[in-house]
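Asks: Input structure: target_38.pdb, which contains PDB, N, CA and C atoms and all ligand atoms.
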```pdb
ATOM      1  N   MET A  28      -0.559  12.104 -19.991
ATOM      2  CA  MET A  28       0.750  12.706 -20.211
ATOM      3  C   MET A  28       0.994  12.876 -21.694
ATOM      4  N   ALA A  29       1.424  14.039 -22.067
ATOM      5  CA  ALA A  29       1.626  14.336 -23.477
ATOM      6  C   ALA A  29       2.872  13.634 -24.002
ATOM      7  N   ASP A  30       2.841  13.292 -25.270
ATOM      8  CA  ASP A  30       4.009  12.701 -25.897
ATOM      9  C   ASP A  30       5.179  13.665 -25.810
ATOM     10  N   ASN A  31       6.354  13.107 -25.695
ATOM     11  CA  ASN A  31       7.589  13.885 -25.724
ATOM     12  C   ASN A  31       7.765  14.796 -24.521
ATOM     13  N   GLU A  32       6.922  14.675 -23.556
ATOM     14  CA  GLU A  32       7.086  15.495 -22.369
ATOM     15  C   GLU A  32       8.062  14.802 -21.442
ATOM     16  N   LYS A  33       9.204  15.409 -21.256
ATOM     17  CA  LYS A  33      10.254  14.766 -20.469
ATOM     18  C   LYS A  33      10.072  15.101 -19.004
ATOM     19  N   LYS A  34       9.299  14.254 -18.358
ATOM     20  CA  LYS A  34       9.074  14.401 -16.926
ATOM     21  C   LYS A  34       9.058  13.022 -16.303
ATOM     22  N   CYS A  35       9.544  12.951 -15.080
ATOM     23  CA  CYS A  35       9.456  11.682 -14.363
ATOM     24  C   CYS A  35       7.992  11.276 -14.249
ATOM     25  N   LEU A  36       7.698  10.045 -14.625
ATOM     26  CA  LEU A  36       6.289   9.645 -14.619
ATOM     27  C   LEU A  36       5.746   9.508 -13.204
ATOM     28  N   VAL A  37       6.617   9.466 -12.211
ATOM     29  CA  VAL A  37       6.147   9.363 -10.827
ATOM     30  C   VAL A  37       5.991  10.739 -10.191
ATOM     31  N   CYS A  38       7.059  11.511 -10.211
ATOM     32  CA  CYS A  38       7.036  12.767  -9.461
ATOM     33  C   CYS A  38       6.861  14.002 -10.348
ATOM     34  N   GLY A  39       7.002  13.831 -11.655
ATOM     35  CA  GLY A  39       6.742  14.940 -12.561
ATOM     36  C   GLY A  39       7.865  15.946 -12.687
ATOM     37  N   ARG A  40       9.001  15.673 -12.062
ATOM     38  CA  ARG A  40      10.111  16.597 -12.231
ATOM     39  C   ARG A  40      10.676  16.469 -13.639
ATOM     40  N   ASP A  41      11.148  17.588 -14.177
ATOM     41  CA  ASP A  41      11.655  17.547 -15.545
ATOM     42  C   ASP A  41      13.173  17.550 -15.570
ATOM     43  N   GLU A  42      13.698  17.457 -16.772
ATOM     44  CA  GLU A  42      15.143  17.279 -16.910
ATOM     45  C   GLU A  42      15.928  18.532 -16.525
ATOM     46  N   GLU A  43      15.247  19.625 -16.307
ATOM     47  CA  GLU A  43      15.929  20.803 -15.783
ATOM     48  C   GLU A  43      16.199  20.651 -14.285
ATOM     49  N   GLN A  44      15.415  19.816 -13.656
ATOM     50  CA  GLN A  44      15.504  19.671 -12.210
ATOM     51  C   GLN A  44      16.290  18.457 -11.766
ATOM     52  N   ILE A  45      16.285  17.428 -12.614
ATOM     53  CA  ILE A  45      16.887  16.164 -12.206
ATOM     54  C   ILE A  45      17.218  15.374 -13.473
ATOM     55  N   PRO A  46      18.289  14.586 -13.454
ATOM     56  CA  PRO A  46      18.549  13.746 -14.635
ATOM     57  C   PRO A  46      17.421  12.735 -14.821
ATOM     58  N   LEU A  47      17.017  12.536 -16.039
ATOM     59  CA  LEU A  47      15.948  11.589 -16.321
ATOM     60  C   LEU A  47      16.477  10.421 -17.158
ATOM     61  N   VAL A  48      15.954   9.268 -16.875
ATOM     62  CA  VAL A  48      16.276   8.065 -17.631
ATOM     63  C   VAL A  48      15.099   7.763 -18.545
ATOM     64  N   GLU A  49      15.431   7.541 -19.802
ATOM     65  CA  GLU A  49      14.365   7.241 -20.767
ATOM     66  C   GLU A  49      14.078   5.745 -20.760
ATOM     67  N   LEU A  50      12.821   5.409 -20.800
ATOM     68  CA  LEU A  50      12.459   4.011 -20.994
ATOM     69  C   LEU A  50      11.353   3.940 -22.022
ATOM     70  N   SER A  51      11.250   2.814 -22.655
ATOM     71  CA  SER A  51      10.162   2.666 -23.604
ATOM     72  C   SER A  51       9.389   1.412 -23.268
ATOM     73  N   PHE A  52       8.112   1.495 -23.465
ATOM     74  CA  PHE A  52       7.219   0.393 -23.129
ATOM     75  C   PHE A  52       6.097   0.398 -24.156
ATOM     76  N   ARG A  53       5.979  -0.698 -24.863
ATOM     77  CA  ARG A  53       4.946  -0.824 -25.885
ATOM     78  C   ARG A  53       4.981   0.323 -26.891
ATOM     79  N   GLY A  54       6.187   0.696 -27.245
ATOM     80  CA  GLY A  54       6.358   1.717 -28.263
ATOM     81  C   GLY A  54       6.191   3.138 -27.793
ATOM     82  N   VAL A  55       5.948   3.325 -26.498
ATOM     83  CA  VAL A  55       5.793   4.664 -25.951
ATOM     84  C   VAL A  55       6.987   4.953 -25.060
ATOM     85  N   LYS A  56       7.509   6.155 -25.178
ATOM     86  CA  LYS A  56       8.648   6.538 -24.352
ATOM     87  C   LYS A  56       8.173   7.202 -23.071
ATOM     88  N   TYR A  57       8.839   6.823 -22.008
ATOM     89  CA  TYR A  57       8.564   7.409 -20.698
ATOM     90  C   TYR A  57       9.890   7.847 -20.087
ATOM     91  N   TYR A  58       9.785   8.662 -19.088
ATOM     92  CA  TYR A  58      10.989   9.112 -18.391
ATOM     93  C   TYR A  58      10.784   8.917 -16.902
ATOM     94  N   ILE A  59      11.887   8.575 -16.260
ATOM     95  CA  ILE A  59      11.803   8.381 -14.809
ATOM     96  C   ILE A  59      13.091   8.899 -14.194
ATOM     97  N   CYS A  60      13.000   9.458 -13.016
ATOM     98  CA  CYS A  60      14.191   9.994 -12.366
ATOM     99  C   CYS A  60      14.877   8.892 -11.561
ATOM    100  N   PRO A  61      16.156   9.075 -11.268
ATOM    101  CA  PRO A  61      16.893   8.046 -10.520
ATOM    102  C   PRO A  61      16.232   7.690  -9.196
ATOM    103  N   GLN A  62      15.628   8.652  -8.576
ATOM    104  CA  GLN A  62      14.975   8.411  -7.296
ATOM    105  C   GLN A  62      13.835   7.398  -7.409
ATOM    106  N   HIS A  63      13.208   7.344  -8.565
ATOM    107  CA  HIS A  63      12.061   6.464  -8.722
ATOM    108  C   HIS A  63      12.340   5.205  -9.518
ATOM    109  N   ILE A  64      13.562   5.041  -9.983
ATOM    110  CA  ILE A  64      13.908   3.787 -10.655
ATOM    111  C   ILE A  64      13.683   2.571  -9.741
ATOM    112  N   PRO A  65      14.023   2.666  -8.448
ATOM    113  CA  PRO A  65      13.745   1.511  -7.570
ATOM    114  C   PRO A  65      12.266   1.128  -7.511
ATOM    115  N   VAL A  66      11.399   2.087  -7.660
ATOM    116  CA  VAL A  66       9.968   1.766  -7.679
ATOM    117  C   VAL A  66       9.657   0.910  -8.899
ATOM    118  N   LEU A  67      10.206   1.315 -10.023
ATOM    119  CA  LEU A  67       9.986   0.558 -11.257
ATOM    120  C   LEU A  67      10.528  -0.858 -11.133
ATOM    121  N   ILE A  68      11.658  -1.002 -10.463
ATOM    122  CA  ILE A  68      12.304  -2.303 -10.352
ATOM    123  C   ILE A  68      11.599  -3.180  -9.324
ATOM    124  N   HIS A  69      11.325  -2.614  -8.167
ATOM    125  CA  HIS A  69      10.891  -3.436  -7.043
ATOM    126  C   HIS A  69       9.393  -3.416  -6.810
ATOM    127  N   GLU A  70       8.753  -2.329  -7.188
ATOM    128  CA  GLU A  70       7.326  -2.210  -6.906
ATOM    129  C   GLU A  70       6.578  -1.655  -8.111
ATOM    130  N   PRO A  71       6.732  -2.331  -9.253
ATOM    131  CA  PRO A  71       6.120  -1.772 -10.466
ATOM    132  C   PRO A  71       4.604  -1.648 -10.379
ATOM    133  N   ASN A  72       3.986  -2.447  -9.515
ATOM    134  CA  ASN A  72       2.533  -2.316  -9.398
ATOM    135  C   ASN A  72       2.125  -0.971  -8.802
ATOM    136  N   LYS A  73       3.074  -0.269  -8.177
ATOM    137  CA  LYS A  73       2.763   1.079  -7.680
ATOM    138  C   LYS A  73       2.653   2.094  -8.804
ATOM    139  N   LEU A  74       3.045   1.692  -9.995
ATOM    140  CA  LEU A  74       2.958   2.599 -11.134
ATOM    141  C   LEU A  74       1.625   2.480 -11.849
ATOM    142  N   GLU A  75       0.685   1.820 -11.226
ATOM    143  CA  GLU A  75      -0.655   1.714 -11.788
ATOM    144  C   GLU A  75      -1.188   3.103 -12.126
ATOM    145  N   GLY A  76      -1.706   3.230 -13.311
ATOM    146  CA  GLY A  76      -2.207   4.523 -13.751
ATOM    147  C   GLY A  76      -1.149   5.383 -14.423
ATOM    148  N   MET A  77       0.107   4.986 -14.263
ATOM    149  CA  MET A  77       1.196   5.730 -14.890
ATOM    150  C   MET A  77       1.742   4.973 -16.093
ATOM    151  N   LEU A  78       1.816   3.654 -15.979
ATOM    152  CA  LEU A  78       2.186   2.801 -17.098
ATOM    153  C   LEU A  78       1.044   1.822 -17.342
ATOM    154  N   PRO A  79       0.782   1.496 -18.587
ATOM    155  CA  PRO A  79      -0.312   0.555 -18.874
ATOM    156  C   PRO A  79      -0.036  -0.809 -18.253
ATOM    157  N   ASP A  80      -1.053  -1.355 -17.597
ATOM    158  CA  ASP A  80      -0.984  -2.682 -16.980
ATOM    159  C   ASP A  80       0.056  -2.790 -15.870
ATOM    160  N   ALA A  81       0.483  -1.675 -15.335
ATOM    161  CA  ALA A  81       1.497  -1.726 -14.278
ATOM    162  C   ALA A  81       1.005  -2.548 -13.088
ATOM    163  N   GLU A  82      -0.276  -2.524 -12.846
ATOM    164  CA  GLU A  82      -0.797  -3.272 -11.704
ATOM    165  C   GLU A  82      -0.599  -4.778 -11.858
ATOM    166  N   ASN A  83      -0.346  -5.207 -13.098
ATOM    167  CA  ASN A  83      -0.132  -6.632 -13.333
ATOM    168  C   ASN A  83       1.342  -7.011 -13.439
ATOM    169  N   MET A  84       2.209  -6.009 -13.332
ATOM    170  CA  MET A  84       3.628  -6.314 -13.421
ATOM    171  C   MET A  84       4.092  -6.937 -12.123
ATOM    172  N   GLU A  85       5.007  -7.862 -12.274
ATOM    173  CA  GLU A  85       5.557  -8.495 -11.090
ATOM    174  C   GLU A  85       6.956  -7.969 -10.849
ATOM    175  N   ALA A  86       7.230  -7.700  -9.619
ATOM    176  CA  ALA A  86       8.594  -7.275  -9.276
ATOM    177  C   ALA A  86       9.553  -8.403  -9.592
ATOM    178  N   GLY A  87      10.645  -8.047 -10.182
ATOM    179  CA  GLY A  87      11.631  -9.051 -10.506
ATOM    180  C   GLY A  87      12.957  -8.621 -10.002
TER     181      GLY A  87
HETATM  182 ZN    ZN B   1      10.655  10.840  -9.919
END
```
As structure tokens, please, write out the structure in this file.
Ligand SMILES: [Zn+2]

Replies:
Amino acid sequence: MADNEKKCLVCGRDEEQIPLVELSFRGVKYYICPQHIPVLIHEPNKLEGMLPDAENMEAG
């Protein structure tokens, strides 16, 4: 994913299509749509390949 590309890291929709929430992780900015925020919260290991070390994150 290119820097500064405002797209949901899960579904790839951009801010023209859906409101995006910005998050930063290890100095890199990512965007996620409201629909996929629960994935980040409850099942972050499903973001493997989308965020670094996501497979090692524990749901909290
Ligand atoms: Zn999404």

Asks: Quick one: pick out all strand (DSSP E or B) residues within chain A from a backbone DSSP run and write them as a compact mmCIF listing (two decimals) with N, CA and C atoms, in the frame of the given file.

Replies:
```txt
# COMPACT_ATOMS: atom_id res chain seq x y z
N LYS A 34 9.30 14.25 -18.36
CA LYS A 34 9.07 14.40 -16.93
C LYS A 34 9.06 13.02 -16.30
N CYS A 35 9.54 12.95 -15.08
CA CYS A 35 9.46 11.68 -14.36
C CYS A 35 7.99 11.28 -14.25
N ASP A 41 11.15 17.59 -14.18
CA ASP A 41 11.66 17.55 -15.54
C ASP A 41 13.17 17.55 -15.57
N VAL A 48 15.95 9.27 -16.88
CA VAL A 48 16.28 8.06 -17.63
C VAL A 48 15.10 7.76 -18.55
N GLU A 49 15.43 7.54 -19.80
CA GLU A 49 14.36 7.24 -20.77
C GLU A 49 14.08 5.74 -20.76
N LEU A 50 12.82 5.41 -20.80
CA LEU A 50 12.46 4.01 -20.99
C LEU A 50 11.35 3.94 -22.02
N SER A 51 11.25 2.81 -22.66
CA SER A 51 10.16 2.67 -23.60
C SER A 51 9.39 1.41 -23.27
N PHE A 52 8.11 1.50 -23.46
CA PHE A 52 7.22 0.39 -23.13
C PHE A 52 6.10 0.40 -24.16
N VAL A 55 5.95 3.32 -26.50
CA VAL A 55 5.79 4.66 -25.95
C VAL A 55 6.99 4.95 -25.06
N LYS A 56 7.51 6.16 -25.18
CA LYS A 56 8.65 6.54 -24.35
C LYS A 56 8.17 7.20 -23.07
N TYR A 57 8.84 6.82 -22.01
CA TYR A 57 8.56 7.41 -20.70
C TYR A 57 9.89 7.85 -20.09
N TYR A 58 9.78 8.66 -19.09
CA TYR A 58 10.99 9.11 -18.39
C TYR A 58 10.78 8.92 -16.90
N ILE A 59 11.89 8.57 -16.26
CA ILE A 59 11.80 8.38 -14.81
C ILE A 59 13.09 8.90 -14.19
N GLU A 75 0.68 1.82 -11.23
CA GLU A 75 -0.66 1.71 -11.79
C GLU A 75 -1.19 3.10 -12.13
N LEU A 78 1.82 3.65 -15.98
CA LEU A 78 2.19 2.80 -17.10
C LEU A 78 1.04 1.82 -17.34
```

Asks: Quote the spacing between atom N of Glu43 (chain A) and CA of Pro65 (chain A) in Å to one decimal place.

Replies: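 Answer for the atom N of Glu43 (chain A) to CA of Pro65 (chain A) separation: 20.2 Å.
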
Asks: Which residue, A:Val48, A:Ile59, A:Ala86, A:Val37, has the smallest gap to Asn72 (chain A) when you use only N, CA and C atoms?

Replies: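 That would be A:Ala86, the residue with the smallest distance to Asn72 (chain A).
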
Asks: Considering only N, CA and C atoms and all ligand atoms, give me a table of residues in chain A that are at most 6 Å from ligand ZN 1 (chain B), with the closest atom pair and distance in Å for each, as JSON lines.

Replies:
```
{"residue": "A:Cys35", "atom": "CA", "partner": "B:ZN1", "partner_atom": "ZN", "distance": 4.7}
{"residue": "A:Leu36", "atom": "N", "partner": "B:ZN1", "partner_atom": "ZN", "distance": 5.6}
{"residue": "A:Val37", "atom": "C", "partner": "B:ZN1", "partner_atom": "ZN", "distance": 4.7}
{"residue": "A:Cys38", "atom": "N", "partner": "B:ZN1", "partner_atom": "ZN", "distance": 3.7}
{"residue": "A:Gly39", "atom": "N", "partner": "B:ZN1", "partner_atom": "ZN", "distance": 5.0}
{"residue": "A:Arg40", "atom": "N", "partner": "B:ZN1", "partner_atom": "ZN", "distance": 5.5}
{"residue": "A:Ile59", "atom": "C", "partner": "B:ZN1", "partner_atom": "ZN", "distance": 5.3}
{"residue": "A:Cys60", "atom": "N", "partner": "B:ZN1", "partner_atom": "ZN", "distance": 4.1}
{"residue": "A:Pro61", "atom": "N", "partner": "B:ZN1", "partner_atom": "ZN", "distance": 5.9}
{"residue": "A:Gln62", "atom": "C", "partner": "B:ZN1", "partner_atom": "ZN", "distance": 5.3}
{"residue": "A:His63", "atom": "N", "partner": "B:ZN1", "partner_atom": "ZN", "distance": 4.5}
```

Asks: Could you tell me which residues the PyMOL selection byres (((chain A and resi 57 and name CA) around 12) and not hetatm and name CA) returns for this structure, as a VMD selection string?

Replies: chain A and resid 28 to 37 39 41 47 to 56 58 to 60 64 67 77 to 79

Asks: Enumerate the residues of region 28-86 of chain A with a DSSP assignment of alpha helix (DSSP H), computed from the backbone, and present them as a list in words.

Replies: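 The alpha helix (DSSP H) residues within region 28-86 of chain A come out as Ile64, Pro65, Val66, Leu67, Ile68 and His69 of chain A.
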
Asks: Please compute the atom C of Glu82 (chain A)-atom N of Ile45 (chain A) distance, one decimal, in Å.

Replies: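 Calculated distance between atom C of Glu82 (chain A) and atom N of Ile45 (chain A) is 27.9 Å.
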
Asks: Skipping near chain neighbours, those fewer than 3 positions away, what residues fall within 7 Å of Met84 (chain A) using only N, CA and C atoms, listed as a CSV table (one decimal) with N, CA and C atoms, in the coordinates of the input?

Replies:
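Output file result_16.csv follows:
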```
chain,number,residue,atom,x,y,z
A,71,PRO,N,6.7,-2.3,-9.3
A,71,PRO,CA,6.1,-1.8,-10.5
A,71,PRO,C,4.6,-1.6,-10.4
A,72,ASN,N,4.0,-2.4,-9.5
A,72,ASN,CA,2.5,-2.3,-9.4
A,72,ASN,C,2.1,-1.0,-8.8
A,80,ASP,N,-1.1,-1.4,-17.6
A,80,ASP,CA,-1.0,-2.7,-17.0
A,80,ASP,C,0.1,-2.8,-15.9
A,81,ALA,N,0.5,-1.7,-15.3
A,81,ALA,CA,1.5,-1.7,-14.3
A,81,ALA,C,1.0,-2.5,-13.1
A,87,GLY,N,10.6,-8.0,-10.2
A,87,GLY,CA,11.6,-9.1,-10.5
A,87,GLY,C,13.0,-8.6,-10.0
```

Asks: Rounded to one decimal place, report the atom N of Pro46 (chain A)-atom N of Lys73 (chain A) distance in Å.

Replies: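 Rounded to one decimal, the two atoms are 21.9 Å apart.
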